[in-house]
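Visitor: File run_39.txt follows (compact mmCIF, C-alpha atoms):
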# COMPACT_ATOMS: atom_id res chain seq x y z
CA MET D 1159 -43.67 -10.32 -3.18
CA TYR D 1160 -45.37 -10.20 0.23
CA HIS D 1161 -43.09 -12.89 1.69
CA LEU D 1162 -45.99 -15.04 2.88
CA SER D 1163 -45.07 -18.11 4.83
CA PRO D 1164 -46.09 -21.49 3.39
CA TRP D 1165 -48.95 -21.62 5.90
CA SER D 1166 -50.25 -18.17 4.94
CA SER D 1167 -49.82 -18.89 1.23
CA PHE D 1168 -51.81 -22.09 1.59
CA TRP D 1169 -54.79 -20.43 3.32
CA ARG D 1170 -54.76 -17.08 1.49
CA LEU D 1171 -54.00 -18.27 -2.05
CA GLU D 1172 -54.28 -21.98 -2.69
CA VAL D 1173 -57.38 -22.87 -0.66
CA PRO D 1174 -59.50 -19.93 -1.94
CA PHE D 1175 -58.52 -20.68 -5.55
CA ALA D 1176 -59.51 -24.34 -5.18
CA MET D 1177 -62.64 -23.75 -3.08
CA PRO D 1178 -65.36 -23.88 -5.83
CA GLN D 1179 -64.17 -27.20 -7.28
CA LEU D 1180 -63.44 -28.52 -3.78
CA VAL D 1181 -67.08 -28.01 -2.75
CA TRP D 1182 -68.39 -29.70 -5.90
CA ASN D 1183 -66.07 -32.68 -5.33
CA MET D 1184 -67.18 -32.87 -1.70
CA MET D 1185 -70.76 -33.26 -2.91
CA MET D 1186 -69.74 -35.96 -5.37
CA SER D 1187 -67.70 -37.83 -2.78
CA MET D 1188 -70.65 -37.77 -0.39
CA SER D 1189 -72.89 -39.25 -3.07
CA GLY D 1190 -70.22 -41.80 -3.98
CA GLY D 1191 -70.27 -42.99 -0.40
CA TRP D 1192 -74.01 -43.62 -0.67
CA PHE D 1193 -73.40 -45.61 -3.85
CA PHE D 1194 -71.15 -48.09 -2.02
CA VAL D 1195 -73.10 -48.16 1.22
CA VAL D 1196 -74.79 -51.45 0.27
CA ALA D 1197 -71.48 -53.20 -0.36
CA SER D 1198 -70.05 -51.81 2.89
CA GLU D 1199 -72.92 -52.55 5.30
CA ALA D 1200 -73.74 -56.07 4.06
CA ILE D 1201 -70.72 -58.29 3.34
CA THR D 1202 -70.69 -62.03 2.69
CA VAL D 1203 -67.37 -63.73 3.44
CA ALA D 1204 -66.93 -67.51 3.54
CA ASN D 1205 -70.72 -67.90 3.17
CA GLN D 1206 -71.23 -65.94 6.39
CA ASN D 1207 -73.20 -62.71 6.29
CA THR D 1208 -71.91 -59.72 8.25
CA THR D 1209 -74.20 -56.69 8.42
CA LEU D 1210 -74.18 -53.29 10.05
CA PRO D 1211 -77.36 -51.39 10.97
CA GLY D 1212 -78.14 -48.92 8.22
CA ILE D 1213 -79.98 -48.32 5.00
CA GLY D 1214 -77.30 -50.24 3.08
CA SER D 1215 -77.99 -53.51 4.87
CA TYR D 1216 -81.73 -52.78 4.55
CA ILE D 1217 -81.38 -52.52 0.76
CA ALA D 1218 -79.24 -55.67 0.64
CA LEU D 1219 -81.90 -57.63 2.55
CA ALA D 1220 -84.64 -56.27 0.30
CA SER D 1221 -82.66 -57.27 -2.79
CA ALA D 1222 -82.04 -60.77 -1.45
CA ASN D 1223 -85.78 -61.21 -0.74
CA GLY D 1224 -86.92 -59.53 -3.97
CA ASP D 1225 -89.05 -57.06 -1.99
CA LEU D 1226 -89.83 -54.13 -4.32
CA ALA D 1227 -91.87 -52.28 -1.67
CA ALA D 1228 -88.92 -52.24 0.73
CA VAL D 1229 -86.69 -50.97 -2.07
CA GLY D 1230 -89.18 -48.15 -2.65
CA TYR D 1231 -89.07 -47.17 1.03
CA ALA D 1232 -85.27 -47.06 0.88
CA ILE D 1233 -85.35 -44.83 -2.19
CA LEU D 1234 -87.74 -42.38 -0.51
CA ALA D 1235 -85.61 -42.29 2.66
CA MET D 1236 -82.44 -41.62 0.64
CA LEU D 1237 -84.15 -38.90 -1.38
CA ALA D 1238 -85.37 -37.14 1.77
CA PHE D 1239 -81.99 -37.30 3.48
CA ILE D 1240 -80.10 -36.10 0.38
CA LEU D 1241 -82.45 -33.14 -0.02
CA ILE D 1242 -81.98 -32.22 3.66
CA TYR D 1243 -78.20 -32.12 3.62
CA ASP D 1244 -78.24 -30.45 0.21
CA GLN D 1245 -80.29 -27.55 1.57
CA LEU D 1246 -78.54 -27.29 4.95
CA LEU D 1247 -74.94 -27.99 3.94
CA PHE D 1248 -74.00 -27.99 0.27
CA ARG D 1249 -76.28 -25.26 -1.06
CA PRO D 1250 -74.88 -22.73 1.49
CA LEU D 1251 -71.33 -23.91 0.75
CA LEU D 1252 -71.85 -23.45 -3.00
CA ALA D 1253 -73.26 -19.96 -2.57
CA TRP D 1254 -70.38 -19.04 -0.25
CA SER D 1255 -67.71 -20.52 -2.54
CA GLN D 1256 -68.69 -18.27 -5.45
CA ARG D 1257 -66.90 -15.39 -3.71
CA PHE D 1258 -63.61 -17.12 -4.59
CA LYS D 1259 -64.24 -17.23 -8.34
CA VAL D 1260 -61.24 -15.62 -10.08
CA GLU D 1261 -62.38 -13.14 -12.74
CA ALA D 1262 -62.15 -9.47 -13.60
CA ILE D 1263 -65.78 -9.09 -14.71
CA THR D 1264 -68.75 -10.37 -12.75
CA GLU D 1265 -72.41 -10.75 -13.67
CA GLY D 1266 -73.86 -9.44 -10.43
CA GLU D 1267 -74.72 -11.29 -7.27
CA GLY D 1268 -74.57 -15.05 -7.48
CA GLU D 1269 -76.96 -17.67 -6.23
CA ARG D 1270 -78.30 -17.18 -2.72
CA ALA D 1271 -79.08 -19.92 -0.23
CA TRP D 1272 -81.83 -19.41 2.32
CA PHE D 1273 -79.99 -21.26 5.09
CA LEU D 1274 -76.81 -19.26 4.48
CA THR D 1275 -78.82 -16.02 4.60
CA MET D 1276 -80.42 -17.12 7.87
CA MET D 1277 -77.04 -17.88 9.42
CA GLN D 1278 -75.60 -14.56 8.24
CA ARG D 1279 -78.47 -12.64 9.83
CA ALA D 1280 -78.59 -14.59 13.11
CA GLY D 1281 -76.83 -12.98 16.05
CA PHE D 1282 -75.53 -16.31 17.35
CA PHE D 1283 -73.70 -17.07 14.10
CA ASN D 1284 -72.44 -13.50 13.92
CA GLY D 1285 -70.78 -14.06 17.29
CA ILE D 1286 -69.17 -17.27 16.06
CA ALA D 1287 -67.98 -15.48 12.90
CA PHE D 1288 -66.51 -12.67 15.02
CA ILE D 1289 -64.52 -15.16 17.13
CA GLY D 1290 -63.39 -16.96 13.96
CA ASP D 1291 -62.22 -13.69 12.38
CA LYS D 1292 -60.23 -12.80 15.50
CA LEU D 1293 -58.56 -16.23 15.51
CA ALA D 1294 -57.79 -15.94 11.81
CA ASP D 1295 -56.24 -12.48 12.33
CA PHE D 1296 -54.13 -13.82 15.19
CA VAL D 1297 -52.85 -16.75 13.12
CA SER D 1298 -52.21 -14.41 10.17
CA ARG D 1299 -50.17 -12.00 12.29
CA ALA D 1300 -48.22 -14.87 13.81
CA THR D 1301 -47.31 -16.43 10.46
CA THR D 1302 -46.83 -13.34 8.27
CA PRO D 1303 -43.45 -11.53 8.36
CA LYS D 1304 -43.61 -8.11 10.01
CA THR D 1305 -41.32 -6.49 7.42
CA PHE D 1306 -41.47 -6.68 3.65
CA GLN D 1307 -37.86 -6.05 2.78
CA GLU D 1308 -36.78 -7.44 -0.56
CA LYS D 1309 -34.93 -10.71 -0.18
CA PRO D 1310 -33.12 -12.67 -2.86
CA PRO D 1311 -34.87 -15.91 -3.80
CA ARG D 1312 -33.52 -18.97 -2.09
CA PRO D 1313 -31.68 -21.24 -4.56
CA PRO D 1314 -33.02 -24.77 -4.90
CA SER D 1315 -31.31 -27.34 -2.74
CA PRO D 1316 -28.95 -29.69 -4.60
CA TRP D 1317 -30.27 -32.50 -2.45
CA THR D 1318 -33.85 -32.25 -3.76
CA PRO D 1319 -33.37 -34.53 -6.82
CA TRP D 1320 -31.63 -37.14 -4.67
CA ILE D 1321 -34.40 -37.02 -2.08
CA ASP D 1322 -36.96 -37.62 -4.84
CA ARG D 1323 -34.94 -40.51 -6.27
CA THR D 1324 -34.54 -42.06 -2.83
CA TRP D 1325 -38.27 -41.79 -2.18
CA ILE D 1326 -39.09 -43.44 -5.53
CA LEU D 1327 -36.57 -46.20 -4.82
CA CYS D 1328 -38.19 -46.86 -1.44
CA LEU D 1329 -41.60 -47.11 -3.09
CA VAL D 1330 -40.25 -49.54 -5.71
CA LEU D 1331 -38.63 -51.70 -3.04
CA LEU D 1332 -41.82 -51.67 -0.97
CA ALA D 1333 -43.88 -52.67 -4.01
CA ALA D 1334 -41.43 -55.45 -4.88
CA TYR D 1335 -41.52 -56.75 -1.32
CA SER D 1336 -45.33 -56.64 -1.28
CA LEU D 1337 -45.50 -58.56 -4.57
CA TYR D 1338 -43.06 -61.13 -3.19
CA GLU D 1339 -45.21 -61.61 -0.09
CA VAL D 1340 -48.34 -61.91 -2.20
CA ALA D 1341 -46.70 -64.45 -4.49
CA ASP D 1342 -45.47 -66.45 -1.52
CA TYR D 1343 -48.97 -66.38 0.00
CA VAL D 1344 -50.85 -67.56 -3.08
CA LYS D 1345 -48.33 -69.92 -4.70
CA THR D 1346 -49.43 -72.88 -2.54
CA GLU D 1347 -53.03 -72.55 -3.77
CA ILE D 1348 -52.80 -71.10 -7.27
CA VAL D 1349 -50.94 -72.26 -10.35
CA LEU D 1350 -49.44 -69.99 -13.00
CA SER D 1351 -52.20 -70.75 -15.49
CA GLU D 1352 -54.80 -69.27 -13.14
CA VAL D 1353 -52.71 -66.11 -12.76
CA LYS D 1354 -52.82 -65.72 -16.54
CA THR D 1355 -56.59 -66.26 -16.46
CA VAL D 1356 -57.09 -63.58 -13.82
CA PHE D 1357 -54.87 -61.24 -15.86
CA LEU D 1358 -57.20 -61.77 -18.84
CA TYR D 1359 -60.16 -61.08 -16.53
CA ALA D 1360 -58.52 -57.76 -15.64
CA VAL D 1361 -58.06 -57.00 -19.35
CA ALA D 1362 -61.80 -57.58 -19.87
CA THR D 1363 -62.66 -55.24 -17.00
CA PHE D 1364 -60.17 -52.68 -18.32
CA ALA D 1365 -61.88 -52.78 -21.73
CA ARG D 1366 -65.26 -52.18 -20.09
CA VAL D 1367 -63.94 -49.27 -18.03
CA SER D 1368 -62.30 -47.66 -21.07
CA VAL D 1369 -65.38 -47.94 -23.27
CA LEU D 1370 -67.67 -46.68 -20.53
CA MET D 1371 -65.38 -43.73 -19.81
CA VAL D 1372 -65.41 -42.69 -23.46
CA MET D 1373 -69.20 -43.00 -23.61
CA ALA D 1374 -69.68 -41.05 -20.37
CA SER D 1375 -67.35 -38.28 -21.58
CA VAL D 1376 -69.10 -37.94 -24.93
CA ILE D 1377 -72.49 -37.71 -23.21
CA TRP D 1378 -71.78 -35.63 -20.11
CA VAL D 1379 -69.13 -33.11 -21.18
CA PRO D 1380 -71.52 -31.20 -23.53
CA ILE D 1381 -74.34 -31.45 -21.00
CA GLY D 1382 -72.07 -30.28 -18.16
CA VAL D 1383 -70.85 -27.30 -20.19
CA TRP D 1384 -74.43 -26.34 -21.10
CA ILE D 1385 -75.45 -26.49 -17.42
CA GLY D 1386 -72.31 -24.72 -16.18
CA LEU D 1387 -72.84 -21.77 -18.52
CA ARG D 1388 -76.25 -21.24 -16.91
CA PRO D 1389 -75.65 -20.90 -13.13
CA PRO D 1390 -79.36 -20.85 -12.14
CA ILE D 1391 -79.87 -24.18 -13.93
CA ALA D 1392 -76.67 -25.54 -12.37
CA HIS D 1393 -77.95 -24.84 -8.85
CA ARG D 1394 -81.32 -26.43 -9.63
CA ALA D 1395 -79.69 -29.50 -11.19
CA GLN D 1396 -77.31 -29.95 -8.25
CA PRO D 1397 -79.63 -31.95 -5.93
CA ILE D 1398 -80.89 -34.05 -8.87
CA VAL D 1399 -77.35 -35.08 -9.81
CA GLN D 1400 -76.50 -35.74 -6.16
CA PHE D 1401 -79.45 -38.10 -5.86
CA ALA D 1402 -78.60 -39.87 -9.13
CA ALA D 1403 -74.99 -40.30 -8.00
CA ALA D 1404 -76.06 -41.65 -4.61
CA PHE D 1405 -78.41 -44.23 -6.10
CA PRO D 1406 -76.94 -47.66 -5.15
CA ALA D 1407 -76.22 -49.96 -8.08
CA ASN D 1408 -78.08 -52.77 -6.31
CA LEU D 1409 -81.37 -50.95 -6.86
CA PHE D 1410 -80.86 -51.28 -10.61
CA PHE D 1411 -80.44 -55.04 -10.35
CA PRO D 1412 -84.17 -55.89 -10.53
CA PRO D 1413 -84.83 -54.34 -13.98
CA VAL D 1414 -81.44 -55.46 -15.33
CA VAL D 1415 -81.82 -59.04 -14.11
CA TYR D 1416 -85.41 -59.10 -15.35
CA LEU D 1417 -84.39 -57.93 -18.82
CA ILE D 1418 -81.47 -60.38 -19.01
CA LYS D 1419 -83.66 -63.28 -17.94
CA THR D 1420 -86.76 -62.42 -19.98
CA TYR D 1421 -85.05 -61.53 -23.26
CA SER D 1422 -81.98 -63.80 -22.90
CA LEU D 1423 -79.63 -60.81 -23.11
CA ASP D 1424 -75.85 -60.99 -22.80
CA PRO D 1425 -74.71 -60.24 -19.20
CA GLU D 1426 -71.29 -59.21 -20.55
CA VAL D 1427 -72.93 -56.12 -22.08
CA TRP D 1428 -75.84 -55.31 -19.82
CA LEU D 1429 -74.05 -55.75 -16.50
CA SER D 1430 -71.29 -53.45 -17.75
CA VAL D 1431 -73.68 -50.51 -17.61
CA LEU D 1432 -73.95 -50.89 -13.83
CA MET D 1433 -70.23 -50.12 -13.45
CA ILE D 1434 -70.53 -46.53 -14.65
CA LEU D 1435 -73.90 -45.63 -13.10
CA GLY D 1436 -72.47 -44.31 -9.85
CA THR D 1437 -69.18 -42.92 -11.18
CA GLN D 1438 -70.14 -41.10 -14.38
CA TRP D 1439 -71.41 -38.23 -12.25
CA TYR D 1440 -67.84 -37.35 -11.26
CA ILE D 1441 -67.31 -36.25 -14.87
CA LEU D 1442 -70.54 -34.23 -14.92
CA PHE D 1443 -69.90 -32.57 -11.55
CA ASN D 1444 -66.34 -31.58 -12.39
CA VAL D 1445 -67.26 -30.30 -15.84
CA ILE D 1446 -70.02 -28.16 -14.30
CA ALA D 1447 -67.60 -26.88 -11.65
CA GLY D 1448 -64.91 -26.17 -14.25
CA THR D 1449 -67.38 -24.29 -16.45
CA LEU D 1450 -68.69 -22.25 -13.52
CA ALA D 1451 -65.10 -21.37 -12.59
CA LEU D 1452 -64.28 -20.26 -16.15
CA PRO D 1453 -63.76 -16.48 -15.94
CA THR D 1454 -66.65 -14.52 -17.42
CA ASP D 1455 -64.25 -12.07 -19.08
CA TYR D 1456 -62.82 -14.94 -21.15
CA GLN D 1457 -66.32 -15.68 -22.41
CA TYR D 1458 -66.89 -12.01 -23.27
CA VAL D 1459 -63.61 -11.85 -25.19
CA ALA D 1460 -64.56 -14.94 -27.19
CA GLY D 1461 -67.93 -13.37 -27.95
CA ASN D 1462 -66.35 -10.07 -29.02
CA PHE D 1463 -64.05 -11.89 -31.46
CA GLY D 1464 -66.94 -13.88 -32.90
CA VAL D 1465 -65.58 -17.26 -31.76
CA THR D 1466 -68.37 -19.77 -32.36
CA ARG D 1467 -69.05 -23.46 -32.85
CA TRP D 1468 -66.06 -25.80 -33.01
CA LEU D 1469 -63.52 -22.98 -32.63
CA TRP D 1470 -65.36 -21.92 -29.46
CA TRP D 1471 -65.02 -25.45 -28.09
CA ARG D 1472 -61.39 -25.87 -29.17
CA ARG D 1473 -60.05 -22.49 -28.06
CA LEU D 1474 -62.16 -21.65 -24.99
CA ILE D 1475 -64.27 -24.39 -23.45
CA LEU D 1476 -62.16 -27.54 -23.78
CA PRO D 1477 -58.91 -25.88 -22.60
CA GLY D 1478 -60.79 -24.05 -19.83
CA ILE D 1479 -62.46 -27.15 -18.38
CA PHE D 1480 -59.67 -29.63 -19.14
CA PRO D 1481 -58.08 -29.64 -15.64
CA ALA D 1482 -61.48 -30.12 -14.02
CA TYR D 1483 -62.39 -32.83 -16.54
CA VAL D 1484 -59.17 -34.74 -15.87
CA THR D 1485 -59.87 -34.66 -12.14
CA GLY D 1486 -63.39 -35.99 -12.68
CA ALA D 1487 -62.29 -38.61 -15.22
CA ILE D 1488 -59.56 -39.98 -12.93
CA THR D 1489 -62.04 -40.30 -10.08
CA ALA D 1490 -64.68 -41.84 -12.34
CA SER D 1491 -62.18 -44.34 -13.73
CA GLY D 1492 -61.09 -45.43 -10.27
CA GLY D 1493 -64.69 -45.60 -9.14
CA ALA D 1494 -65.60 -47.79 -12.12
CA TRP D 1495 -62.84 -50.23 -11.18
CA ASN D 1496 -64.18 -50.35 -7.61
CA ALA D 1497 -67.75 -50.71 -8.84
CA SER D 1498 -66.79 -53.72 -10.97
CA ILE D 1499 -66.72 -55.81 -7.78
CA VAL D 1500 -70.36 -54.87 -7.18
CA ALA D 1501 -71.63 -54.59 -10.75
CA GLU D 1502 -70.14 -57.62 -12.52
CA VAL D 1503 -72.31 -59.87 -10.32
CA ALA D 1504 -76.04 -59.06 -10.20
CA GLN D 1505 -78.50 -60.91 -8.01
CA TRP D 1506 -82.19 -60.39 -7.40
CA GLY D 1507 -83.89 -63.06 -5.37
CA ALA D 1508 -82.87 -66.47 -6.72
CA ASN D 1509 -81.65 -65.10 -10.08
CA LYS D 1510 -77.92 -64.42 -10.40
CA PHE D 1511 -75.84 -63.39 -13.41
CA GLU D 1512 -72.12 -62.78 -13.80
CA ALA D 1513 -69.97 -60.98 -16.35
CA THR D 1514 -66.41 -62.00 -17.15
CA GLY D 1515 -64.01 -59.78 -15.26
CA VAL D 1516 -61.72 -59.41 -12.28
CA GLY D 1517 -64.53 -57.80 -10.25
CA ALA D 1518 -66.71 -60.88 -10.54
CA TYR D 1519 -63.66 -63.04 -9.71
CA ILE D 1520 -63.04 -61.11 -6.48
CA ALA D 1521 -66.72 -61.07 -5.49
CA ARG D 1522 -67.13 -64.81 -6.12
CA TYR D 1523 -64.13 -65.93 -4.08
CA THR D 1524 -64.84 -63.40 -1.33
CA ALA D 1525 -68.21 -65.05 -0.83
CA ASP D 1526 -66.51 -68.48 -0.82
CA GLY D 1527 -63.83 -67.37 1.65
CA ASP D 1528 -60.96 -68.28 -0.71
CA PHE D 1529 -58.52 -65.62 0.48
CA PRO D 1530 -55.50 -66.50 -1.71
CA ARG D 1531 -57.61 -65.95 -4.81
CA VAL D 1532 -59.09 -62.75 -3.35
CA VAL D 1533 -55.56 -61.45 -2.75
CA LEU D 1534 -54.56 -62.41 -6.30
CA GLY D 1535 -57.56 -60.62 -7.81
CA VAL D 1536 -57.08 -57.47 -5.74
CA THR D 1537 -53.35 -57.37 -6.54
CA ILE D 1538 -53.84 -57.65 -10.30
CA LEU D 1539 -56.66 -55.09 -10.22
CA SER D 1540 -54.45 -52.67 -8.27
CA LEU D 1541 -51.55 -53.15 -10.70
CA PHE D 1542 -53.83 -52.36 -13.64
CA VAL D 1543 -55.14 -49.21 -11.97
CA LEU D 1544 -51.68 -47.97 -10.95
CA THR D 1545 -50.17 -48.67 -14.37
CA PHE D 1546 -52.99 -46.92 -16.21
CA ASN D 1547 -52.80 -43.93 -13.88
CA ARG D 1548 -49.04 -43.69 -14.32
CA LEU D 1549 -48.96 -44.02 -18.12
CA PHE D 1550 -52.14 -42.14 -19.07
CA TRP D 1551 -53.78 -39.98 -16.42
CA ARG D 1552 -50.54 -38.59 -15.03
CA ARG D 1553 -49.54 -37.36 -18.48
CA LEU D 1554 -52.91 -35.68 -18.96
CA TYR D 1555 -52.46 -34.00 -15.58
CA ALA D 1556 -49.05 -32.75 -16.66
CA ILE D 1557 -50.59 -31.23 -19.80
CA ALA D 1558 -53.30 -29.56 -17.70
CA GLU D 1559 -50.72 -28.08 -15.32
CA GLU D 1560 -48.17 -26.93 -17.89
CA ARG D 1561 -50.23 -25.81 -20.89
CA LEU D 1562 -53.80 -25.14 -19.79
CA ARG D 1563 -53.48 -23.04 -16.63
CA LEU D 1564 -55.59 -19.88 -16.44
CA ASP D 1565 -52.73 -17.58 -15.40
Give the structure from this file in structure tokens form.

Guide:
Amino acid sequence: MYHLSPWSSFWRLEVPFAMPQLVWNMMMSMSGGWFFVVASEAITVANQNTTLPGIGSYIALASANGDLAAVGYAILAMLAFILIYDQLLFRPLLAWSQRFKVEAITEGEGERAWFLTMMQRAGFFNGIAFIGDKLADFVSRATTPKTFQEKPPRPPSPWTPWIDRTWILCLVLLAAYSLYEVADYVKTEIVLSEVKTVFLYAVATFARVSVLMVMASVIWVPIGVWIGLRPPIAHRAQPIVQFAAAFPANLFFPPVVYLIKTYSLDPEVWLSVLMILGTQWYILFNVIAGTLALPTDYQYVAGNFGVTRWLWWRRLILPGIFPAYVTGAITASGGAWNASIVAEVAQWGANKFEATGVGAYIARYTADGDFPRVVLGVTILSLFVLTFNRLFWRRLYAIAEERLRLD
């Protein structure tokens, strides 16, 4: 109706609507980076260790030496740093993003952040805000039409379907060419029977990821809804969840390896738990964000009609948080596949255990420097992830977009 340009529509409509969940996912992505910092800063390829200075390589060295005291120092340093950037960055962002919550009825002023209040009252930041507002007004005037005369809608271009088909064809050809190059690279070293074996390894990892996703959803969706319906608790739980999500899987190796060795436990089961430790929090974070973004007036209407128990879940909560849950579940699923390379092989000191899976296959041959087998493992893992996303997660996203939109 206002004839906004695509640029103005993006900044005035789409970005504000997505801001609350965007901030929560930024926090989770930051913590996810901490989870993989050990694997990124200390890499063993062809029996040669390559390290970067950082807490990740420090933890890797402590794990290799079995030094519990050094692990404790790393945990304290991570906790301190996470608390600092939570207070100075994410807590102000969360408090600021609540202004973009779409609802007709509000429950008063939201959560306040002391650092945000300090910046709002400081003259220096007021000057920066004034300059930013002037720049935003200038961009808005430059991109918004000066007149608002009614114009007929532009008909869709007949070339759009053909452009989409051409793009898909290019992707298919690129994928086919990539597979051909991979096959040509590994065929001199690997026989067909080993390809079948690696495929079965990927099936084992897929089964672990699926079971762990179901378990994480059953546990964290109710907890996330309970927290999200209580904003003060959500803001207090935020740094705790960030720290839990940032906890590197390697720091869980000592108790897991000790239990497996002492009680002769099955590594196939107990190492599987390490895959979901750093990624399950994507589900919790997104469920909390989706519940916080659920309009308060919807909750009042459900209360006025006496909607309780299972009907309350089926008609209000599950449809309301479904888009946010799908986003978190897709990210958690992909993160679990990535974590399999770290979690299906656990080592503490001289003790080492492996679980059957494509992650352990990739980790083992990466350490040996057998690149054809590394390429084979990564290719099959990628095909599994892409196929599952295409056949399952994309359909859930379509349901969320078409049937469960809050408009």

Visitor: Considering only C-alpha atoms, state which residue in the set D:Gly1290, D:Gly1517, D:Gly1224, D:Gly1281 is at the smallest distance from Ile1538 of chain D.

Guide: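 Among the listed residues, D:Gly1517 lies closest to Ile1538 of chain D.
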
Visitor: Counting only C-alpha atoms, which residue out of D:Ala1197, D:Leu1452, D:Leu1247, D:Ala1362 sits closest to Ala1501 of chain D?

Guide: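 The answer is D:Ala1197, which sits nearest to Ala1501 of chain D.
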
Visitor: Using 10 Å as the limit and counting only C-alpha atoms, can you tabulate each residue of segment 1302-1406 of chain D that touches segment 1441-1444 of chain D, with its shortest atom-to-atom distance in Å and the two atoms involved, as a tab-separated table?

Guide:
residue	atom	partner	partner_atom	distance
D:Met1371	CA	D:Ile1441	CA	9.2
D:Ala1374	CA	D:Ile1441	CA	7.7
D:Ser1375	CA	D:Ile1441	CA	7.0
D:Ile1377	CA	D:Leu1442	CA	9.2
D:Trp1378	CA	D:Leu1442	CA	5.5
D:Val1379	CA	D:Leu1442	CA	6.5
D:Pro1380	CA	D:Leu1442	CA	9.2
D:Ile1381	CA	D:Leu1442	CA	7.7
D:Gly1382	CA	D:Leu1442	CA	5.3
D:Val1383	CA	D:Leu1442	CA	8.7
D:Ile1385	CA	D:Leu1442	CA	9.5
D:Gly1386	CA	D:Phe1443	CA	9.4
D:Ala1392	CA	D:Phe1443	CA	9.8
D:Gln1396	CA	D:Phe1443	CA	8.5
D:Val1399	CA	D:Phe1443	CA	8.1
D:Gln1400	CA	D:Phe1443	CA	9.1
D:Ala1403	CA	D:Phe1443	CA	9.9

Visitor: Please measure the separation of atom CA of Asp1295 of chain D and atom CA of Asn1183 of chain D, giving the value in Å to one decimal.

Guide: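 Those two atoms sit 28.6 Å apart.
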
Visitor: Would you please work out which residue, of D:Trp1384, D:Phe1410, D:Trp1428, D:Phe1283, is nearest to Glu1502 of chain D when using all atoms listed in the file?

Guide: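 Closest to Glu1502 of chain D of all the choices is D:Trp1428.
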
Visitor: What is the distance, in Å and to one decimal place, between atom CA of Leu1429 of chain D and atom CA of Ala1513 of chain D?

Guide: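 Separation of atom CA of Leu1429 of chain D and atom CA of Ala1513 of chain D: 6.6 Å.
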
Visitor: For the atom pair atom CA of Gly1535 of chain D and atom CA of Glu1426 of chain D, what is the interatomic distance in Å to one decimal place?

Guide: 18.8 Å

Visitor: Using only C-alpha atoms, can you tell me which of D:Ala1490, D:Ile1217, D:Leu1332, D:Ala1518 comes closest to Val1229 of chain D?

Guide: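 The closest residue to Val1229 of chain D is D:Ile1217.
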
Visitor: Rank D:Trp1325, D:Ile1242, D:Thr1275, D:Ser1255 by their smallest atom-to-atom distance to Val1173 of chain D, using all atoms listed in the file, and report the top residue only.

Guide: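 Among D:Trp1325, D:Ile1242, D:Thr1275, D:Ser1255, it is D:Ser1255 that comes nearest to Val1173 of chain D.
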
Visitor: Applying 12 Å and all atoms listed in the file, which residues near Leu1435 of chain D remain after dropping the ones on its own chain fewer than 3 positions away? List them as number ranges by chain.

Guide: D: 1189-1190, 1193-1194, 1367, 1370-1371, 1373-1374, 1399, 1401-1411, 1428-1432, 1438-1441, 1490-1491, 1493-1494, 1497-1498, 1500-1501

Visitor: Which one is closest to Trp1506 of chain D: D:Ala1220, D:Val1532, D:Ile1326, D:Leu1450? Count all atoms listed in the file.

Guide: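 Using all atoms listed in the file, the shortest distance to Trp1506 of chain D belongs to D:Ala1220.
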